[in-house]
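For reference, run_0.cif is printed below; it contains mmCIF, C-alpha atoms.
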```cif
data_model
#
loop_
_atom_site.label_atom_id
_atom_site.label_comp_id
_atom_site.auth_asym_id
_atom_site.auth_seq_id
_atom_site.Cartn_x
_atom_site.Cartn_y
_atom_site.Cartn_z
CA MET A 1 -14.91 -3.17 36.82
CA ASP A 2 -17.97 -2.20 34.82
CA ILE A 3 -19.95 -4.75 36.84
CA LEU A 4 -18.72 -3.26 40.08
CA LEU A 5 -19.67 0.20 38.94
CA GLY A 6 -23.05 -1.08 37.85
CA ILE A 7 -23.64 -2.44 41.34
CA VAL A 8 -22.52 0.83 42.85
CA VAL A 9 -24.96 2.75 40.66
CA SER A 10 -27.80 0.42 41.68
CA LEU A 11 -26.86 0.66 45.33
CA GLY A 12 -26.68 4.41 45.14
CA ASN A 13 -30.21 4.56 43.83
CA GLU A 14 -31.53 2.28 46.58
CA VAL A 15 -29.85 4.32 49.26
CA TYR A 16 -30.99 7.58 47.72
CA ALA A 17 -34.57 6.37 47.63
CA LEU A 18 -34.34 5.60 51.33
CA ARG A 19 -32.95 9.02 52.14
CA ASP A 20 -35.69 10.64 50.15
CA ARG A 21 -38.33 8.68 52.02
CA LEU A 22 -36.83 9.44 55.38
CA ARG A 23 -36.64 13.12 54.68
CA ILE A 24 -40.30 13.15 53.84
CA ILE A 25 -41.30 10.98 56.80
CA GLU A 26 -39.46 13.20 59.24
CA LYS A 27 -41.06 16.32 57.81
CA MET A 28 -44.50 14.77 57.91
CA LEU A 29 -44.13 13.41 61.43
CA GLU A 30 -43.38 16.93 62.53
CA ALA A 31 -46.49 18.24 60.89
CA LYS A 32 -49.03 15.47 61.49
CA GLY A 33 -47.98 13.05 64.15
CA THR A 34 -49.37 10.10 62.09
CA ILE A 35 -48.63 9.23 58.46
CA SER A 36 -49.49 6.52 55.93
CA ARG A 37 -47.41 4.97 53.10
CA ALA A 38 -49.85 6.43 50.56
CA ASP A 39 -49.13 9.84 52.08
CA VAL A 40 -45.44 9.39 51.31
CA GLU A 41 -46.01 8.13 47.75
CA ALA A 42 -48.32 11.02 46.95
CA TYR A 43 -45.98 13.65 48.39
CA LYS A 44 -45.36 16.64 46.11
CA PRO A 45 -42.49 18.95 47.11
CA THR A 46 -42.87 22.72 46.82
CA PRO A 47 -40.52 24.54 44.40
CA GLU A 48 -38.34 25.59 47.36
CA GLU A 49 -38.09 22.00 48.51
CA GLU A 50 -37.28 20.89 44.94
CA GLU A 51 -34.27 23.21 45.09
CA GLU A 52 -33.24 21.77 48.49
CA ILE A 53 -33.72 18.24 47.18
CA ARG A 54 -31.58 18.93 44.14
CA LYS A 55 -28.73 20.38 46.23
CA ASP A 56 -28.85 17.39 48.56
CA ASN A 57 -28.91 15.03 45.58
CA ASP A 58 -25.83 16.68 44.06
CA ALA A 59 -23.96 16.59 47.38
CA PHE A 60 -24.89 12.95 47.95
CA ILE A 61 -23.67 11.86 44.54
CA ALA A 62 -20.48 13.90 44.83
CA ARG A 63 -19.71 12.10 48.15
CA LEU A 64 -20.54 8.70 46.66
CA PHE A 65 -18.18 9.20 43.73
CA ARG A 66 -15.47 11.07 45.63
CA VAL A 67 -13.01 8.40 44.53
CA PHE A 68 -13.07 9.95 41.03
CA GLU A 69 -11.34 13.09 42.27
CA GLY A 70 -8.00 12.24 40.76
CA ASP A 71 -6.48 11.00 37.55
CA LEU A 72 -6.84 7.34 38.63
CA ASP A 73 -3.71 6.30 36.73
CA MET B 1 -53.00 10.22 29.14
CA GLN B 2 -51.77 11.69 32.35
CA ILE B 3 -48.80 9.92 33.89
CA GLU B 4 -48.34 10.77 37.55
CA HIS B 5 -45.21 9.49 39.26
CA ASN B 6 -45.30 8.33 42.85
CA ARG B 7 -42.54 9.39 45.22
CA SER B 8 -40.53 6.16 44.81
CA SER B 9 -40.35 6.61 41.04
CA GLN B 10 -39.62 10.32 41.26
CA ALA B 11 -36.76 9.67 43.68
CA ALA B 12 -35.32 7.14 41.24
CA PHE B 13 -35.59 9.63 38.36
CA ASP B 14 -34.00 12.35 40.52
CA TYR B 15 -31.04 10.10 41.23
CA VAL B 16 -30.56 9.22 37.54
CA GLU B 17 -30.58 12.91 36.67
CA GLY B 18 -28.26 13.77 39.53
CA LEU B 19 -25.77 11.20 38.33
CA LYS B 20 -26.00 12.50 34.75
CA ARG B 21 -25.34 16.00 36.11
CA TYR B 22 -22.38 14.68 38.07
CA VAL B 23 -20.89 13.04 34.99
CA ALA B 24 -21.44 16.10 32.80
CA GLU B 25 -20.58 18.90 35.24
CA LYS B 26 -18.11 17.45 37.74
CA SER B 27 -16.48 14.48 36.06
CA MET B 28 -16.01 15.77 32.50
CA PRO B 29 -13.83 18.74 33.51
CA LYS B 30 -11.58 16.37 35.46
CA LEU B 31 -11.45 14.12 32.43
CA ARG B 32 -10.39 17.08 30.31
CA ALA B 33 -7.63 17.99 32.76
CA ALA B 34 -6.34 14.41 32.82
CA TYR B 35 -6.47 14.29 29.01
CA GLU B 36 -4.48 17.49 28.75
CA THR B 37 -1.56 15.99 30.69
CA ARG B 38 -1.49 13.15 28.13
CA GLU B 39 -1.84 15.63 25.30
CA HIS B 40 1.11 17.60 26.66
CA ARG B 41 3.27 14.44 26.86
CA TYR B 42 2.22 13.54 23.31
CA ALA B 43 3.23 16.98 22.04
CA GLN B 44 6.61 16.67 23.75
CA ALA B 45 7.18 13.39 21.91
CA HIS B 46 5.95 14.77 18.56
CA ASN B 47 7.81 18.03 18.02
CA GLY B 48 5.15 20.11 19.78
CA GLU B 49 2.30 18.75 17.64
CA LYS B 50 -0.90 17.86 19.50
CA PRO B 51 -3.34 15.17 18.36
CA THR B 52 -5.55 16.55 15.58
CA THR B 53 -7.93 13.71 14.74
CA MET B 54 -10.56 12.06 16.91
CA GLU B 55 -8.76 8.75 16.37
CA GLN B 56 -5.54 10.21 17.79
CA VAL B 57 -7.48 11.63 20.76
CA GLY B 58 -8.98 8.17 21.25
CA GLU B 59 -5.57 6.53 21.45
CA LEU B 60 -4.78 8.75 24.42
CA MET B 61 -8.23 8.62 26.05
CA ARG B 62 -9.14 4.95 25.83
CA PRO B 63 -6.40 3.66 28.16
CA MET B 64 -7.32 6.27 30.81
CA THR B 65 -8.99 4.66 33.82
CA LEU B 66 -10.95 7.85 34.52
CA TYR B 67 -12.34 7.81 30.96
CA ARG B 68 -13.36 4.15 31.20
CA TYR B 69 -15.04 4.61 34.58
CA ASN B 70 -16.76 7.85 33.51
CA ARG B 71 -18.25 6.07 30.49
CA ALA B 72 -19.12 2.93 32.45
CA ILE B 73 -21.08 5.03 34.95
CA GLN B 74 -22.86 6.84 32.13
CA GLN B 75 -23.84 3.59 30.49
CA ALA B 76 -24.93 1.90 33.74
CA ASN B 77 -27.01 4.96 34.62
CA GLN B 78 -28.61 4.97 31.18
CA GLY B 79 -29.65 1.33 31.50
CA PHE B 80 -30.91 2.05 34.99
CA MET B 81 -33.01 4.96 33.74
CA TRP B 82 -35.01 2.80 31.34
CA ALA B 83 -35.39 0.08 33.98
CA VAL B 84 -36.85 2.45 36.59
CA ILE B 85 -39.18 3.99 34.02
CA TYR B 86 -40.57 0.63 32.92
CA GLU B 87 -40.85 -0.42 36.59
CA SER B 88 -42.88 2.67 37.40
CA LEU B 89 -45.35 1.82 34.60
CA GLU B 90 -45.66 -1.96 34.99
CA PRO B 91 -48.49 -1.81 37.61
CA ARG B 92 -50.54 0.13 35.04
CA ARG B 93 -49.54 -1.74 31.86
CA ALA B 94 -52.92 -3.22 30.96
CA GLU B 95 -54.74 0.02 31.70
CA LEU B 96 -52.29 2.11 29.65
CA ALA B 97 -52.33 -0.29 26.70
CA GLU B 98 -56.13 -0.22 26.68
CA GLU B 99 -56.14 3.58 26.73
CA LEU B 100 -53.61 3.76 23.87
CA ASN B 101 -55.76 1.50 21.71
CA ARG B 102 -59.08 3.14 22.54
CA PRO B 103 -60.34 5.37 19.70
CA THR B 104 -60.47 9.04 20.72
CA GLU B 105 -63.94 10.56 20.87
CA ASN B 106 -64.28 13.86 18.98
CA ALA B 107 -60.61 13.69 17.99
CA LEU B 108 -58.99 16.84 16.59
CA GLY B 109 -56.45 14.82 14.62
CA SER B 110 -56.05 11.17 13.72
CA VAL B 111 -53.80 8.15 13.98
CA GLU B 112 -53.44 5.34 11.46
CA THR B 113 -51.28 2.30 12.08
CA ASP B 114 -50.27 -0.17 9.38
CA PRO B 115 -49.88 -3.73 10.67
CA ASP B 116 -48.61 -4.82 7.23
CA LEU B 117 -45.73 -2.35 7.22
CA GLU B 118 -42.41 -4.20 7.18
CA PRO B 119 -39.94 -2.15 9.24
CA PRO B 120 -36.41 -2.15 7.78
CA ARG B 121 -33.81 -4.40 9.37
CA TYR B 122 -31.55 -1.47 10.22
CA TYR B 123 -34.37 -0.30 12.51
CA THR B 124 -35.50 -3.51 14.20
CA ALA B 125 -31.94 -4.65 14.87
CA VAL B 126 -31.22 -1.75 17.27
CA GLU B 127 -32.34 -0.72 20.72
CA PHE B 128 -31.89 3.01 20.25
CA HIS B 129 -30.34 4.71 23.31
CA LEU B 130 -30.47 1.26 24.94
CA GLN B 131 -34.26 1.59 25.36
CA PRO B 132 -35.36 -2.01 26.07
CA ARG B 133 -37.27 -3.44 23.08
CA SER B 134 -36.58 -0.12 21.38
CA TYR B 135 -39.27 2.18 19.98
CA HIS B 136 -41.37 -0.49 18.37
CA GLY B 137 -41.21 -3.62 20.54
CA ASP B 138 -43.40 -2.67 23.50
CA ASP B 139 -46.90 -1.19 23.74
CA LEU B 140 -45.56 1.31 26.25
CA ALA B 141 -42.53 2.41 24.17
CA GLY B 142 -44.05 5.84 23.51
CA VAL B 143 -44.97 6.49 27.14
CA VAL B 144 -41.51 5.34 28.23
CA TYR B 145 -39.81 7.57 25.65
CA ASP B 146 -41.82 10.63 26.68
CA ILE B 147 -40.73 10.11 30.30
CA GLY B 148 -37.14 9.14 29.47
CA ALA B 149 -36.22 11.77 26.88
CA PRO B 150 -36.47 14.77 29.26
CA ILE B 151 -34.34 12.94 31.83
CA TYR B 152 -31.92 11.92 29.08
CA VAL B 153 -31.43 15.52 27.96
CA LEU B 154 -31.59 16.90 31.53
CA HIS B 155 -34.71 18.89 30.62
CA ARG B 156 -32.80 20.84 27.97
CA ASN B 157 -35.92 20.75 25.81
CA GLY B 158 -38.19 22.32 28.40
CA PRO B 159 -41.39 21.07 30.07
CA ASP B 160 -43.04 20.11 26.77
CA SER B 161 -39.82 18.65 25.31
CA GLY B 162 -40.25 21.06 22.40
CA GLU B 163 -37.34 23.54 22.50
CA SER B 164 -35.44 22.01 19.58
CA GLY B 165 -38.67 22.11 17.56
CA ARG B 166 -38.97 25.83 18.31
CA ALA B 167 -35.31 26.23 17.34
CA LEU B 168 -36.06 24.61 13.97
CA ALA B 169 -39.18 26.72 13.41
CA SER B 170 -37.19 29.88 14.20
CA VAL B 171 -34.92 29.40 11.18
CA ILE B 172 -37.59 28.33 8.71
CA PRO B 173 -38.52 31.28 6.46
CA PRO B 174 -41.94 32.59 7.49
CA ALA B 175 -44.47 31.66 4.82
CA ARG B 176 -47.77 29.95 4.35
CA TYR B 177 -47.06 26.22 4.41
CA GLU B 178 -50.42 24.64 3.79
CA LYS B 179 -49.35 21.05 4.25
CA ILE B 180 -46.52 20.09 6.57
CA LEU B 181 -44.92 16.69 7.18
CA ASP B 182 -42.80 15.65 10.17
CA MET B 183 -40.66 12.65 9.27
CA GLY B 184 -39.73 10.28 12.10
CA CYS B 185 -41.99 12.12 14.55
CA GLY B 186 -41.73 9.67 17.46
CA VAL B 187 -44.15 10.83 20.15
CA GLY B 188 -44.59 14.23 18.47
CA GLN B 189 -42.47 16.29 20.86
CA LYS B 190 -41.16 18.48 18.01
CA THR B 191 -44.20 18.10 15.71
CA ILE B 192 -46.31 20.27 17.96
CA PRO B 193 -44.02 23.31 18.34
CA VAL B 194 -43.44 23.38 14.57
CA ALA B 195 -47.20 23.06 13.98
CA ASP B 196 -47.74 25.91 16.47
CA ALA B 197 -45.31 28.13 14.53
CA PHE B 198 -47.33 27.66 11.34
CA SER B 199 -50.88 27.61 12.66
CA GLY B 200 -53.57 26.95 10.10
CA SER B 201 -51.45 24.35 8.32
CA GLU B 202 -52.50 20.75 7.88
CA VAL B 203 -49.91 18.75 9.80
CA HIS B 204 -48.99 15.15 9.12
CA ALA B 205 -46.41 13.15 11.05
CA ILE B 206 -45.03 9.72 10.32
CA ASP B 207 -42.98 7.13 12.17
CA LEU B 208 -42.18 3.43 11.82
CA SER B 209 -43.41 2.65 15.33
CA ALA B 210 -47.09 1.97 16.04
CA PRO B 211 -46.68 2.30 19.84
CA MET B 212 -44.98 5.68 19.37
CA ILE B 213 -47.69 7.18 17.16
CA LYS B 214 -50.54 5.80 19.24
CA TYR B 215 -49.08 7.63 22.22
CA ALA B 216 -48.26 10.67 20.03
CA HIS B 217 -51.92 10.90 19.07
CA LYS B 218 -53.16 10.78 22.69
CA ARG B 219 -50.50 13.27 23.68
CA ALA B 220 -51.43 15.72 20.92
CA GLU B 221 -55.13 15.40 21.72
CA ARG B 222 -54.45 16.06 25.40
CA MET B 223 -52.51 19.18 24.37
CA GLY B 224 -55.41 20.29 22.14
CA ARG B 225 -53.42 20.06 18.87
CA ARG B 226 -54.59 18.72 15.51
CA VAL B 227 -52.03 16.33 13.98
CA HIS B 228 -52.52 13.41 11.62
CA PHE B 229 -50.17 10.62 12.65
CA SER B 230 -49.55 7.55 10.49
CA GLN B 231 -47.23 4.58 10.59
CA GLN B 232 -45.04 4.92 7.51
CA ASN B 233 -41.45 4.52 6.33
CA VAL B 234 -39.73 7.82 5.47
CA GLU B 235 -37.87 6.07 2.64
CA ARG B 236 -41.11 5.31 0.86
CA THR B 237 -44.37 6.87 2.04
CA LYS B 238 -47.94 6.45 0.83
CA PHE B 239 -48.42 10.16 0.11
CA ALA B 240 -48.94 11.41 -3.45
CA ASP B 241 -46.30 13.28 -5.49
CA GLU B 242 -46.00 17.01 -4.72
CA SER B 243 -48.38 16.87 -1.76
CA PHE B 244 -46.45 18.93 0.83
CA ASP B 245 -45.16 22.49 1.17
CA LEU B 246 -42.78 21.76 4.06
CA VAL B 247 -41.14 18.49 5.10
CA PHE B 248 -38.92 18.42 8.18
CA SER B 249 -37.20 16.17 10.68
CA THR B 250 -35.54 16.74 14.04
CA ILE B 251 -32.66 14.65 15.42
CA LEU B 252 -33.71 11.79 13.15
CA LEU B 253 -30.97 11.38 10.59
CA HIS B 254 -28.34 9.92 12.91
CA GLU B 255 -30.67 6.95 13.41
CA LEU B 256 -30.62 6.05 9.73
CA PRO B 257 -27.73 4.47 7.79
CA PRO B 258 -26.51 6.60 4.85
CA VAL B 259 -28.44 4.62 2.22
CA ALA B 260 -31.69 5.14 4.11
CA ILE B 261 -30.91 8.88 4.40
CA GLN B 262 -30.40 9.03 0.63
CA ASN B 263 -33.72 7.26 0.06
CA MET B 264 -35.48 9.58 2.49
CA ILE B 265 -34.12 12.74 0.82
CA ALA B 266 -35.13 11.39 -2.61
CA GLU B 267 -38.61 10.65 -1.23
CA ILE B 268 -38.85 14.20 0.14
CA HIS B 269 -38.06 15.54 -3.31
CA ARG B 270 -40.97 13.54 -4.69
CA LEU B 271 -43.31 14.71 -1.91
CA LEU B 272 -42.60 18.43 -2.15
CA LYS B 273 -44.49 20.81 -4.38
CA PRO B 274 -42.22 22.84 -6.68
CA GLY B 275 -40.64 25.56 -4.55
CA GLY B 276 -41.40 23.58 -1.38
CA LEU B 277 -38.97 23.61 1.55
CA THR B 278 -37.28 20.84 3.50
CA ALA B 279 -35.45 21.41 6.80
CA HIS B 280 -33.60 18.98 9.06
CA LEU B 281 -32.31 19.77 12.53
CA ASN B 282 -29.39 17.76 13.82
CA LEU B 283 -26.30 18.06 15.97
CA PRO B 284 -23.34 19.38 13.95
CA PRO B 285 -21.03 17.06 12.01
CA TYR B 286 -17.63 16.14 13.44
CA SER B 287 -15.95 18.38 10.89
CA GLN B 288 -17.41 21.36 12.77
CA MET B 289 -16.14 20.51 16.23
CA SER B 290 -12.83 19.83 17.98
CA ALA B 291 -11.26 16.37 17.73
CA TYR B 292 -11.71 16.02 21.49
CA ASN B 293 -15.46 16.74 21.38
CA ALA B 294 -15.88 14.57 18.30
CA PHE B 295 -14.20 11.68 20.08
CA LEU B 296 -16.41 12.10 23.17
CA MET B 297 -19.56 12.38 21.08
CA ASN B 298 -18.64 9.27 19.13
CA TRP B 299 -18.98 7.15 22.25
CA GLU B 300 -22.67 6.98 21.35
CA THR B 301 -21.99 4.90 18.27
CA HIS B 302 -20.76 1.74 19.97
CA ASN B 303 -22.04 2.21 23.50
CA ASN B 304 -25.44 3.86 23.40
CA GLY B 305 -27.43 2.01 20.76
CA GLU B 306 -26.62 4.53 18.04
CA PRO B 307 -24.78 2.44 15.43
CA TYR B 308 -25.44 4.92 12.61
CA TRP B 309 -24.24 7.94 14.58
CA GLN B 310 -20.63 7.96 13.38
CA ALA B 311 -21.50 7.59 9.71
CA PHE B 312 -24.02 10.41 9.97
CA HIS B 313 -21.62 12.79 11.71
CA LYS B 314 -19.02 12.14 9.02
CA LEU B 315 -21.55 12.50 6.19
CA ASP B 316 -21.56 15.38 3.73
CA LEU B 317 -25.28 15.96 4.12
CA PRO B 318 -25.55 18.90 1.68
CA ALA B 319 -24.09 16.63 -1.01
CA VAL B 320 -26.98 14.18 -0.49
CA PHE B 321 -29.42 17.02 -1.14
CA ARG B 322 -27.49 18.07 -4.26
CA VAL B 323 -27.63 14.56 -5.68
CA ALA B 324 -31.39 14.46 -5.04
CA GLY B 325 -31.85 17.59 -7.13
CA PHE B 326 -32.51 20.18 -4.42
CA LYS B 327 -31.59 23.85 -4.82
CA ASN B 328 -30.48 26.61 -2.45
CA ILE B 329 -28.97 24.11 -0.02
CA ARG B 330 -27.71 25.77 3.15
CA GLU B 331 -26.81 25.02 6.74
CA VAL B 332 -28.02 27.36 9.46
CA ALA B 333 -27.18 27.28 13.16
CA ALA B 334 -30.24 27.11 15.40
CA GLU B 335 -29.85 27.87 19.08
CA SER B 336 -32.37 26.43 21.47
CA LYS B 337 -33.25 27.88 24.85
CA ASN B 338 -31.56 25.35 27.10
CA THR B 339 -33.44 25.19 30.37
CA GLY B 340 -31.34 22.35 31.76
CA ARG B 341 -27.59 21.92 31.96
CA GLY B 342 -25.03 19.24 31.37
CA ALA B 343 -24.65 18.39 27.70
CA TYR B 344 -21.36 16.55 27.80
CA SER B 345 -20.25 18.00 24.53
CA GLY B 346 -20.92 21.49 25.71
CA LYS B 347 -23.70 23.74 24.56
CA SER B 348 -23.48 23.14 20.83
CA PRO B 349 -26.04 24.81 18.66
CA TYR B 350 -28.10 22.66 16.39
CA LEU B 351 -27.47 22.71 12.67
CA VAL B 352 -30.42 22.95 10.32
CA THR B 353 -29.86 21.75 6.76
CA MET B 354 -32.40 23.37 4.43
CA ALA B 355 -33.13 23.15 0.74
CA GLU B 356 -35.82 23.90 -1.79
CA LYS B 357 -37.29 21.99 -4.67
#
```
Could you express the structure from this file as structure tokens?
Amino acid sequence: MDILLGIVVSLGNEVYALRDRLRIIEKMLEAKGTISRADVEAYKPTPEEEEEIRKDNDAFIARLFRVFEGDLD
Amino acid sequence: MQIEHNRSSQAAFDYVEGLKRYVAEKSMPKLRAAYETREHRYAQAHNGEKPTTMEQVGELMRPMTLYRYNRAIQQANQGFMWAVIYESLEPRRAELAEELNRPTENALGSVETDPDLEPPRYYTAVEFHLQPRSYHGDDLAGVVYDIGAPIYVLHRNGPDSGESGRALASVIPPARYEKILDMGCGVGQKTIPVADAFSGSEVHAIDLSAPMIKYAHKRAERMGRRVHFSQQNVERTKFADESFDLVFSTILLHELPPVAIQNMIAEIHRLLKPGGLTAHLNLPPYSQMSAYNAFLMNWETHNNGEPYWQAFHKLDLPAVFRVAGFKNIREVAAESKNTGRGAYSGKSPYLVTMAEK
């Protein structure tokens, strides 16, 4: 079970990284029309965006681990 | 040495922190509620008496699936944290190692490693907090620790990782401490705020790990602080008798077995001038918290590379100071300004054990 959870944790991180990238790419496409990979890697969110990111992060993780809502026994 | 994280690394760190927050803020309360139903059943079977020891709490907690999964997630996430940190640094390994070894021009302080120093077995046998190759086994151990510790404590120690150092300084009696020693300084996160509190003092800081103090030196120089780092064993240093006015440590003692703690306290007695002060900031002993919190906290011992944790939290630390000949031994609570959230054991104040020679 620990192995399964370990895989889930890894998978969650991979998926999260993709979401993060997509969020940035969408925002940048709006603003610029053309973007590079270096642009994405160098991206620095504003403090307001940091707050937005954190809320989205918390919601994402809560959905991922929704199965832990109950007693489990 | 400036470490900038690219977006991929930052996203990975954000996820690790988010999961730690989830465990601490969302999962732990559910765990408590589930425990309380077991506690209630236990009381019904034991004439209304609830479990009073951490061992009794453990007997109820350990079979709980929610407890096992909660801890498995915590441990997996912890391992993941170190992995993503090392991954983020690997492309720059050679460059960082070169910078760490390069002598600093016009240095304010100094750093002295000792290649002949034999680290004790209790130290080399452990990967503390599951950090791969521990504090001493990788050139980048200091860099990794300085990135990992704030994530690990969910930024509780603030942007400079120094809040617990300021907490310690706040309970040390104001005085002129000409020579100060930080024992087990690591990368100097707490050395600097204590040095700042007693400006004008000559500050020395020692640690067993060469990679940690090499990074500590660069870090202090970058922050414009004068500290003299050296690679030494707190149980037996190279300093002369009665050469310090203040000797301190922060969150060190739980990483030493009791015999090493005794040796360290005896060494401090030798190092202090008559009337000198020693102060040690730690988390409180188990005797000062509920059985439930003590049980939860004790998970570290067998699961988080902290094999000496349990013995330390059951130790009568003031007695060790008494045996070493110290006077005016007292324990003072020290609150730190927590800027982050999510300590699983709740917001416990630190406990500073102080004594004079």
Taking the file above as input, evaluate the PyMOL selection byres ((chain A) within 6 of (chain B)) and report the hits as number ranges by chain. A: 2, 6, 17, 41-42, 58, 71-72
Grab the CA of Ile3 (chain B) to CA of Val9 (chain A) distance for me, in Å with one decimal place.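 Taking CA of Ile3 (chain B) as the start and CA of Val9 (chain A) as the end point, the length is 25.8 Å.
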Name the residues in contact with Arg92 (chain B) at a cut-off of 12 Å, using all atoms listed in the file, excluding same-chain residues fewer than 4 positions from it; report them as an MDAnalysis selection string. chainID B and resid 1:5 86:88 96:99 139:140 143
Radius query 8 Å about (-60.4, 16.4, 18.0), atoms used: all atoms listed in the file, as a list in words: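 Applying the cut-off with all atoms listed in the file, one gets Thr104, Glu105, Asn106, Ala107, Leu108, Gly109, Glu221, Gly224, Arg225 and Arg226 of chain B.
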Please evaluate the PyMOL selection byres ((chain B and resi 262) around 9) against the structure above and give the resulting residues as a VMD selection string. chain B and resid 235 257 to 261 263 to 267 320 to 321 323 to 324
Counting all atoms listed in the file, figure out which residue out of B:Leu130, B:Tyr177, B:Gly58, B:His136 gets nearest to Ala195 (chain B). B:Tyr177
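Here, the PyMOL selection byres ((chain A and resi 24) around 10) matches Leu18, Arg19, Asp20, Arg21, Leu22, Arg23, Ile25, Glu26, Lys27, Met28, Leu29, Glu30, Asp39, Val40, Glu41, Tyr43, Lys44 and Pro45 of chain A; Arg7 of chain B.
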CA of Lys357 (chain B) and CA of Gly276 (chain B) are how many Å apart?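 We find that CA of Lys357 (chain B) and CA of Gly276 (chain B) lie 5.5 Å from each other.
We find CA of Val153 (chain B) and CA of Ala279 (chain B) to be spaced 22.3 Å apart.
In terms of minimum interatomic distance to His254 (chain B), B:His313 ranks closest within B:Lys273, B:His313, B:Arg41, B:His280, counting all atoms listed in the file.
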Check the smallest atom-to-atom distance from each of B:Ile268, B:Asn298, B:Gly137, B:Ala311 to Glu242 (chain B) using only C-alpha atoms, then report the winner.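 Of B:Ile268, B:Asn298, B:Gly137, B:Ala311, the one nearest Glu242 (chain B) is B:Ile268, counting only C-alpha atoms.
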